[in-house]
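With mmCIF, C-alpha atoms, pLDDT in the B column; chains and numbers go by the auth columns inside, this is entry-v4.cif:
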data_model
#
loop_
_atom_site.group_PDB
_atom_site.id
_atom_site.type_symbol
_atom_site.label_atom_id
_atom_site.label_comp_id
_atom_site.label_asym_id
_atom_site.label_seq_id
_atom_site.Cartn_x
_atom_site.Cartn_y
_atom_site.Cartn_z
_atom_site.B_iso_or_equiv
_atom_site.auth_seq_id
_atom_site.auth_asym_id
ATOM 1 C CA MET A 1 -68.129 -67.823 -71.095 53.00 1 A
ATOM 2 C CA LYS A 2 -69.010 -71.207 -72.567 53.00 2 A
ATOM 3 C CA LYS A 3 -71.085 -71.986 -69.462 56.00 3 A
ATOM 4 C CA ILE A 4 -73.054 -68.760 -69.821 52.00 4 A
ATOM 5 C CA PHE A 5 -73.646 -69.403 -73.521 42.00 5 A
ATOM 6 C CA LEU A 6 -74.728 -72.975 -72.768 44.00 6 A
ATOM 7 C CA ILE A 7 -77.170 -71.797 -70.037 55.00 7 A
ATOM 8 C CA VAL A 8 -78.624 -69.097 -72.313 44.00 8 A
ATOM 9 C CA ALA A 9 -78.986 -71.552 -75.213 45.00 9 A
ATOM 10 C CA THR A 10 -80.642 -74.141 -72.979 52.00 10 A
ATOM 11 C CA SER A 11 -82.992 -71.505 -71.570 50.00 11 A
ATOM 12 C CA LEU A 12 -83.962 -70.322 -75.053 41.00 12 A
ATOM 13 C CA LEU A 13 -84.652 -73.857 -76.212 44.00 13 A
ATOM 14 C CA SER A 14 -86.790 -74.509 -73.129 50.00 14 A
ATOM 15 C CA LEU A 15 -88.659 -71.243 -73.685 44.00 15 A
ATOM 16 C CA ALA A 16 -89.222 -72.106 -77.364 44.00 16 A
ATOM 17 C CA ALA A 17 -90.621 -75.497 -76.375 49.00 17 A
ATOM 18 C CA VAL A 18 -92.943 -73.906 -73.819 52.00 18 A
ATOM 19 C CA ALA A 19 -94.019 -71.109 -76.163 56.00 19 A
ATOM 20 C CA GLN A 20 -94.908 -73.517 -78.974 72.00 20 A
ATOM 21 C CA PRO A 21 -98.587 -73.086 -79.849 78.00 21 A
ATOM 22 C CA LYS A 22 -100.909 -75.792 -78.576 91.00 22 A
ATOM 23 C CA PHE A 23 -103.840 -77.021 -80.621 93.00 23 A
ATOM 24 C CA ALA A 24 -106.856 -79.115 -79.711 95.00 24 A
ATOM 25 C CA HIS A 25 -109.924 -80.499 -81.400 95.00 25 A
ATOM 26 C CA VAL A 26 -113.374 -81.601 -80.331 96.00 26 A
ATOM 27 C CA ASN A 27 -116.393 -83.321 -81.852 96.00 27 A
ATOM 28 C CA PHE A 28 -118.887 -80.574 -81.052 96.00 28 A
ATOM 29 C CA ALA A 29 -121.893 -82.224 -82.741 95.00 29 A
ATOM 30 C CA GLU A 30 -121.327 -85.373 -80.695 95.00 30 A
ATOM 31 C CA LEU A 31 -121.220 -83.377 -77.466 96.00 31 A
ATOM 32 C CA VAL A 32 -124.422 -81.492 -78.246 96.00 32 A
ATOM 33 C CA GLN A 33 -126.355 -84.561 -79.409 96.00 33 A
ATOM 34 C CA LEU A 34 -125.333 -86.753 -76.468 96.00 34 A
ATOM 35 C CA MET A 35 -125.872 -84.239 -73.659 96.00 35 A
ATOM 36 C CA PRO A 36 -128.692 -85.210 -71.267 94.00 36 A
ATOM 37 C CA GLU A 37 -130.317 -81.849 -72.005 95.00 37 A
ATOM 38 C CA ALA A 38 -130.548 -82.848 -75.687 96.00 38 A
ATOM 39 C CA ASP A 39 -132.703 -85.835 -74.684 94.00 39 A
ATOM 40 C CA ALA A 40 -135.156 -83.454 -73.015 95.00 40 A
ATOM 41 C CA ALA A 41 -135.146 -81.204 -76.092 96.00 41 A
ATOM 42 C CA ARG A 42 -135.841 -84.178 -78.372 95.00 42 A
ATOM 43 C CA ALA A 43 -138.687 -85.276 -76.086 94.00 43 A
ATOM 44 C CA ALA A 44 -140.216 -81.781 -76.261 95.00 44 A
ATOM 45 C CA LEU A 45 -139.904 -81.767 -80.060 95.00 45 A
ATOM 46 C CA ASP A 46 -141.450 -85.243 -80.246 93.00 46 A
ATOM 47 C CA ALA A 47 -144.381 -84.064 -78.121 94.00 47 A
ATOM 48 C CA SER A 48 -144.856 -81.075 -80.424 94.00 48 A
ATOM 49 C CA ASN A 49 -144.714 -83.352 -83.473 93.00 49 A
ATOM 50 C CA LYS A 50 -147.393 -85.597 -81.977 93.00 50 A
ATOM 51 C CA GLU A 51 -149.660 -82.627 -81.281 95.00 51 A
ATOM 52 C CA ILE A 52 -149.093 -81.371 -84.819 94.00 52 A
ATOM 53 C CA GLN A 53 -149.927 -84.770 -86.273 93.00 53 A
ATOM 54 C CA GLU A 54 -153.070 -85.039 -84.154 94.00 54 A
ATOM 55 C CA THR A 55 -154.206 -81.556 -85.201 95.00 55 A
ATOM 56 C CA TYR A 56 -153.428 -82.245 -88.847 94.00 56 A
ATOM 57 C CA SER A 57 -155.241 -85.587 -88.758 94.00 57 A
ATOM 58 C CA ALA A 58 -158.297 -83.953 -87.175 95.00 58 A
ATOM 59 C CA MET A 59 -158.344 -81.270 -89.880 95.00 59 A
ATOM 60 C CA VAL A 60 -158.051 -83.854 -92.672 95.00 60 A
ATOM 61 C CA GLU A 61 -160.739 -86.004 -91.047 96.00 61 A
ATOM 62 C CA GLU A 62 -163.039 -82.989 -90.794 95.00 62 A
ATOM 63 C CA TYR A 63 -162.489 -82.283 -94.479 95.00 63 A
ATOM 64 C CA GLN A 64 -163.086 -85.898 -95.509 96.00 64 A
ATOM 65 C CA THR A 65 -166.264 -86.136 -93.434 95.00 65 A
ATOM 66 C CA LYS A 66 -167.695 -82.923 -94.857 94.00 66 A
ATOM 67 C CA TYR A 67 -166.594 -83.777 -98.396 95.00 67 A
ATOM 68 C CA THR A 68 -168.294 -87.189 -98.158 95.00 68 A
ATOM 69 C CA ALA A 69 -171.477 -85.521 -96.902 92.00 69 A
ATOM 70 C CA TYR A 70 -171.210 -82.987 -99.729 93.00 70 A
ATOM 71 C CA GLN A 71 -170.903 -85.745 -102.341 93.00 71 A
ATOM 72 C CA GLN A 72 -173.869 -87.637 -100.900 93.00 72 A
ATOM 73 C CA LYS A 73 -176.218 -84.678 -100.490 92.00 73 A
ATOM 74 C CA ALA A 74 -175.105 -82.104 -103.070 90.00 74 A
ATOM 75 C CA SER A 75 -177.755 -83.151 -105.572 91.00 75 A
ATOM 76 C CA THR A 76 -180.542 -82.529 -103.040 92.00 76 A
ATOM 77 C CA TRP A 77 -179.310 -79.099 -101.873 92.00 77 A
ATOM 78 C CA THR A 78 -180.378 -75.786 -103.225 93.00 78 A
ATOM 79 C CA PRO A 79 -177.679 -73.834 -105.099 93.00 79 A
ATOM 80 C CA ALA A 80 -177.225 -71.498 -102.108 94.00 80 A
ATOM 81 C CA ILE A 81 -176.608 -74.388 -99.680 93.00 81 A
ATOM 82 C CA ARG A 82 -174.305 -76.133 -102.173 92.00 82 A
ATOM 83 C CA GLU A 83 -172.290 -72.917 -102.638 94.00 83 A
ATOM 84 C CA SER A 84 -172.089 -72.446 -98.874 94.00 84 A
ATOM 85 C CA LYS A 85 -170.847 -76.031 -98.400 92.00 85 A
ATOM 86 C CA GLU A 86 -168.261 -75.597 -101.194 94.00 86 A
ATOM 87 C CA LYS A 87 -166.950 -72.432 -99.516 96.00 87 A
ATOM 88 C CA GLU A 88 -166.789 -74.286 -96.222 95.00 88 A
ATOM 89 C CA LEU A 89 -164.769 -77.093 -97.837 95.00 89 A
ATOM 90 C CA GLN A 90 -162.457 -74.595 -99.520 97.00 90 A
ATOM 91 C CA GLY A 91 -161.962 -72.865 -96.162 96.00 91 A
ATOM 92 C CA ILE A 92 -160.901 -76.159 -94.593 95.00 92 A
ATOM 93 C CA VAL A 93 -158.459 -76.811 -97.464 96.00 93 A
ATOM 94 C CA THR A 94 -156.991 -73.326 -96.999 96.00 94 A
ATOM 95 C CA ARG A 95 -156.602 -73.871 -93.241 96.00 95 A
ATOM 96 C CA ILE A 96 -154.858 -77.205 -93.867 95.00 96 A
ATOM 97 C CA GLN A 97 -152.463 -75.599 -96.352 94.00 97 A
ATOM 98 C CA GLU A 98 -151.686 -72.694 -94.018 94.00 98 A
ATOM 99 C CA PHE A 99 -151.143 -75.124 -91.161 95.00 99 A
ATOM 100 C CA GLU A 100 -148.734 -77.225 -93.244 93.00 100 A
ATOM 101 C CA GLN A 101 -146.716 -74.130 -94.127 91.00 101 A
ATOM 102 C CA SER A 102 -146.560 -72.731 -90.597 93.00 102 A
ATOM 103 C CA ILE A 103 -145.703 -75.950 -88.748 92.00 103 A
ATOM 104 C CA GLN A 104 -142.298 -76.318 -90.414 89.00 104 A
ATOM 105 C CA THR A 105 -141.307 -72.792 -89.381 90.00 105 A
ATOM 106 C CA ASP A 106 -142.691 -73.312 -85.888 93.00 106 A
ATOM 107 C CA LEU A 107 -140.787 -76.583 -85.427 92.00 107 A
ATOM 108 C CA GLN A 108 -137.534 -75.027 -86.654 93.00 108 A
ATOM 109 C CA GLN A 109 -137.951 -72.112 -84.253 95.00 109 A
ATOM 110 C CA GLN A 110 -138.746 -74.448 -81.376 96.00 110 A
ATOM 111 C CA GLN A 111 -135.701 -76.578 -82.164 95.00 111 A
ATOM 112 C CA GLN A 112 -133.458 -73.498 -82.258 96.00 112 A
ATOM 113 C CA THR A 113 -134.912 -72.256 -78.979 97.00 113 A
ATOM 114 C CA LEU A 114 -134.413 -75.619 -77.272 96.00 114 A
ATOM 115 C CA MET A 115 -130.930 -76.263 -78.678 97.00 115 A
ATOM 116 C CA ALA A 116 -129.436 -72.778 -78.158 97.00 116 A
ATOM 117 C CA PRO A 117 -128.775 -73.182 -74.400 97.00 117 A
ATOM 118 C CA ILE A 118 -127.446 -76.711 -74.975 97.00 118 A
ATOM 119 C CA GLN A 119 -125.006 -75.497 -77.610 97.00 119 A
ATOM 120 C CA LYS A 120 -124.010 -72.579 -75.387 97.00 120 A
ATOM 121 C CA LYS A 121 -123.296 -74.908 -72.457 97.00 121 A
ATOM 122 C CA ALA A 122 -121.180 -77.212 -74.635 97.00 122 A
ATOM 123 C CA SER A 123 -119.312 -74.225 -76.048 97.00 123 A
ATOM 124 C CA GLU A 124 -118.621 -72.865 -72.555 97.00 124 A
ATOM 125 C CA VAL A 125 -117.206 -76.244 -71.453 97.00 125 A
ATOM 126 C CA VAL A 126 -114.936 -76.406 -74.513 97.00 126 A
ATOM 127 C CA ASN A 127 -113.791 -72.815 -73.894 96.00 127 A
ATOM 128 C CA THR A 128 -113.044 -73.632 -70.243 96.00 128 A
ATOM 129 C CA LEU A 129 -111.018 -76.701 -71.208 96.00 129 A
ATOM 130 C CA ALA A 130 -109.153 -74.720 -73.866 95.00 130 A
ATOM 131 C CA LYS A 131 -108.241 -71.946 -71.427 95.00 131 A
ATOM 132 C CA GLU A 132 -107.208 -74.392 -68.713 95.00 132 A
ATOM 133 C CA GLY A 133 -105.056 -76.316 -71.197 94.00 133 A
ATOM 134 C CA GLY A 134 -103.519 -73.216 -72.731 94.00 134 A
ATOM 135 C CA TYR A 135 -104.682 -74.050 -76.253 94.00 135 A
ATOM 136 C CA ILE A 136 -104.699 -71.240 -78.792 92.00 136 A
ATOM 137 C CA TYR A 137 -107.121 -72.978 -81.164 92.00 137 A
ATOM 138 C CA VAL A 138 -109.761 -75.664 -80.769 94.00 138 A
ATOM 139 C CA PHE A 139 -110.995 -77.100 -84.047 94.00 139 A
ATOM 140 C CA ASP A 140 -114.291 -78.875 -84.613 95.00 140 A
ATOM 141 C CA VAL A 141 -113.544 -82.256 -86.213 93.00 141 A
ATOM 142 C CA ASN A 142 -116.708 -81.940 -88.297 92.00 142 A
ATOM 143 C CA THR A 143 -115.501 -78.797 -90.088 92.00 143 A
ATOM 144 C CA ALA A 144 -111.718 -79.214 -90.132 88.00 144 A
ATOM 145 C CA LEU A 145 -110.246 -80.586 -93.339 89.00 145 A
ATOM 146 C CA TYR A 146 -107.307 -82.182 -91.546 90.00 146 A
ATOM 147 C CA ILE A 147 -106.233 -82.726 -87.947 90.00 147 A
ATOM 148 C CA ASP A 148 -102.900 -84.229 -86.959 88.00 148 A
ATOM 149 C CA ASN A 149 -103.777 -86.209 -83.827 86.00 149 A
ATOM 150 C CA ALA A 150 -100.121 -86.289 -82.825 86.00 150 A
ATOM 151 C CA GLN A 151 -100.020 -82.488 -82.581 90.00 151 A
ATOM 152 C CA SER A 152 -103.595 -81.767 -81.523 92.00 152 A
ATOM 153 C CA VAL A 153 -105.246 -82.876 -78.293 93.00 153 A
ATOM 154 C CA ASP A 154 -108.774 -84.330 -78.406 94.00 154 A
ATOM 155 C CA LEU A 155 -110.837 -82.464 -75.801 94.00 155 A
ATOM 156 C CA THR A 156 -113.964 -84.494 -76.526 94.00 156 A
ATOM 157 C CA PRO A 157 -113.489 -87.044 -73.690 95.00 157 A
ATOM 158 C CA ALA A 158 -112.882 -84.340 -71.083 95.00 158 A
ATOM 159 C CA ALA A 159 -115.822 -82.286 -72.377 96.00 159 A
ATOM 160 C CA ARG A 160 -118.095 -85.364 -72.332 95.00 160 A
ATOM 161 C CA LYS A 161 -117.208 -85.904 -68.687 95.00 161 A
ATOM 162 C CA MET A 162 -117.848 -82.252 -67.751 95.00 162 A
ATOM 163 C CA LEU A 163 -121.190 -82.307 -69.575 95.00 163 A
ATOM 164 C CA GLY A 164 -122.370 -85.465 -67.802 94.00 164 A
ATOM 165 C CA ILE A 165 -122.496 -87.655 -70.905 94.00 165 A
ATOM 166 C CA PRO A 166 -122.386 -91.334 -69.869 92.00 166 A
ATOM 167 C CA GLU A 167 -119.139 -93.042 -70.812 90.00 167 A
ATOM 168 C CA GLY A 168 -120.587 -95.706 -73.119 89.00 168 A
ATOM 169 C CA ARG A 169 -123.033 -93.436 -74.912 91.00 169 A
ATOM 170 C CA THR A 170 -122.225 -92.814 -78.573 91.00 170 A
ATOM 171 C CA LEU A 171 -123.986 -91.324 -81.570 90.00 171 A
ATOM 172 C CA GLU A 172 -124.593 -94.879 -82.781 92.00 172 A
ATOM 173 C CA SER A 173 -126.219 -95.904 -79.495 90.00 173 A
ATOM 174 C CA LEU A 174 -128.341 -92.726 -79.609 92.00 174 A
ATOM 175 C CA GLN A 175 -129.520 -93.618 -83.114 92.00 175 A
ATOM 176 C CA GLN A 176 -130.377 -97.125 -81.916 92.00 176 A
ATOM 177 C CA GLU A 177 -132.337 -95.685 -78.962 90.00 177 A
ATOM 178 C CA MET A 178 -134.260 -93.373 -81.266 91.00 178 A
ATOM 179 C CA ALA A 179 -134.941 -96.148 -83.807 92.00 179 A
ATOM 180 C CA ALA A 180 -136.187 -98.483 -81.053 92.00 180 A
ATOM 181 C CA LYS A 181 -138.460 -95.742 -79.701 89.00 181 A
ATOM 182 C CA ALA A 182 -139.848 -95.012 -83.174 87.00 182 A
ATOM 183 C CA ALA A 183 -140.450 -98.729 -83.797 90.00 183 A
ATOM 184 C CA ALA A 184 -142.270 -99.080 -80.468 89.00 184 A
ATOM 185 C CA GLU A 185 -144.442 -96.056 -81.269 85.00 185 A
ATOM 186 C CA GLN A 186 -145.278 -97.448 -84.717 86.00 186 A
ATOM 187 C CA GLN A 187 -146.185 -100.811 -83.218 88.00 187 A
ATOM 188 C CA GLN A 188 -148.432 -99.136 -80.627 85.00 188 A
ATOM 189 C CA ALA A 189 -150.039 -96.996 -83.328 80.00 189 A
ATOM 190 C CA ALA A 190 -150.679 -100.099 -85.430 85.00 190 A
ATOM 191 C CA GLN A 191 -152.365 -101.700 -82.426 85.00 191 A
ATOM 192 C CA GLY A 192 -154.427 -98.566 -81.891 71.00 192 A
ATOM 193 C CA GLN A 193 -152.834 -97.652 -78.556 60.00 193 A
ATOM 194 C CA PRO A 194 -151.460 -94.212 -77.755 55.00 194 A
ATOM 195 C CA ALA A 195 -147.661 -94.234 -77.299 51.00 195 A
ATOM 196 C CA GLY A 196 -146.471 -94.448 -73.727 50.00 196 A
ATOM 197 C CA GLU A 197 -149.305 -96.597 -72.400 46.00 197 A
#
Will you turn the file into structure tokens for me?
Amino acid sequence: MKKIFLIVATSLLSLAAVAQPKFAHVNFAELVQLMPEADAARAALDASNKEIQETYSAMVEEYQTKYTAYQQKASTWTPAIRESKEKELQGIVTRIQEFEQSIQTDLQQQQQTLMAPIQKKASEVVNTLAKEGGYIYVFDVNTALYIDNAQSVDLTPAARKMLGIPEGRTLESLQQEMAAKAAAEQQQAAQGQPAGE
């Protein structure tokens, strides 16, 4: 009888240990930002920003050129020509203002469109790892108030590997890459050369 009780007790303890909930955590923002696909998305957004800046600069230059001509010649124009030129200038100002308002919305929409599949892919990898590991919850370290690393497994390294993120790449190294690129572009702009030449 004691043997049966001992076997049952041992079995219950083993079952309780196996049935204990398993928790994991991941740095989701790190995964998304460091994925190779995120580099392509940033490049596309940078290209859009450059086009926006070029368009905006051309609009401002057009306004400045026409405003300078207006100031120089306004006294020699008839009232009808002066009124026409003033309306033209006001039209340019209105276009510039409308452009400024719409570009922010356009850029946000483009960013969401580019990042959605990247976030989905990262989420699918985390879900796969969670299911394979038998975890009942996976917390994002950026939103959790507290994580006990002794009782929660960090899935970030495994997810990084599955997503093809190079081993030494970090958010800090990404920021350094982006800062170096911005500095190079500013230096080229100061020298009057288009970036990338």
Expressed in Å to a single decimal, how great is the separation between atom CA of Glu88 of chain A and atom CA of Glu62 of chain A?
->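 Between atom CA of Glu88 of chain A and atom CA of Glu62 of chain A the gap works out to 10.9 Å.
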Counting all atoms listed in the file, the option among A:Tyr56, A:Glu61, A:Ser123, A:Tyr135 closest to Gln101 of chain A = A:Tyr56
Using the chain letters and numbers from the file, which residues does the PyMOL selection byres ((chain A and resi 21) around 8) grab, as number ranges by chain?
-> A: 19-20, 22-23, 135-136
Please identify all polymer residues within 8 Å of Leu171 of chain A, counting all atoms listed in the file, omitting same-chain residues fewer than 2 positions from it, and present them as JSON, numbers by chain.
-> {"A": [30, 33, 34, 169, 173, 174, 175]}
Selected residue of minimal separation from Val32 of chain A among A:Leu163, A:Ala58, A:Leu107, A:Ala44, counting all atoms listed in the file =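 When distances to Val32 of chain A are compared using all atoms listed in the file, the smallest one comes from A:Leu163.
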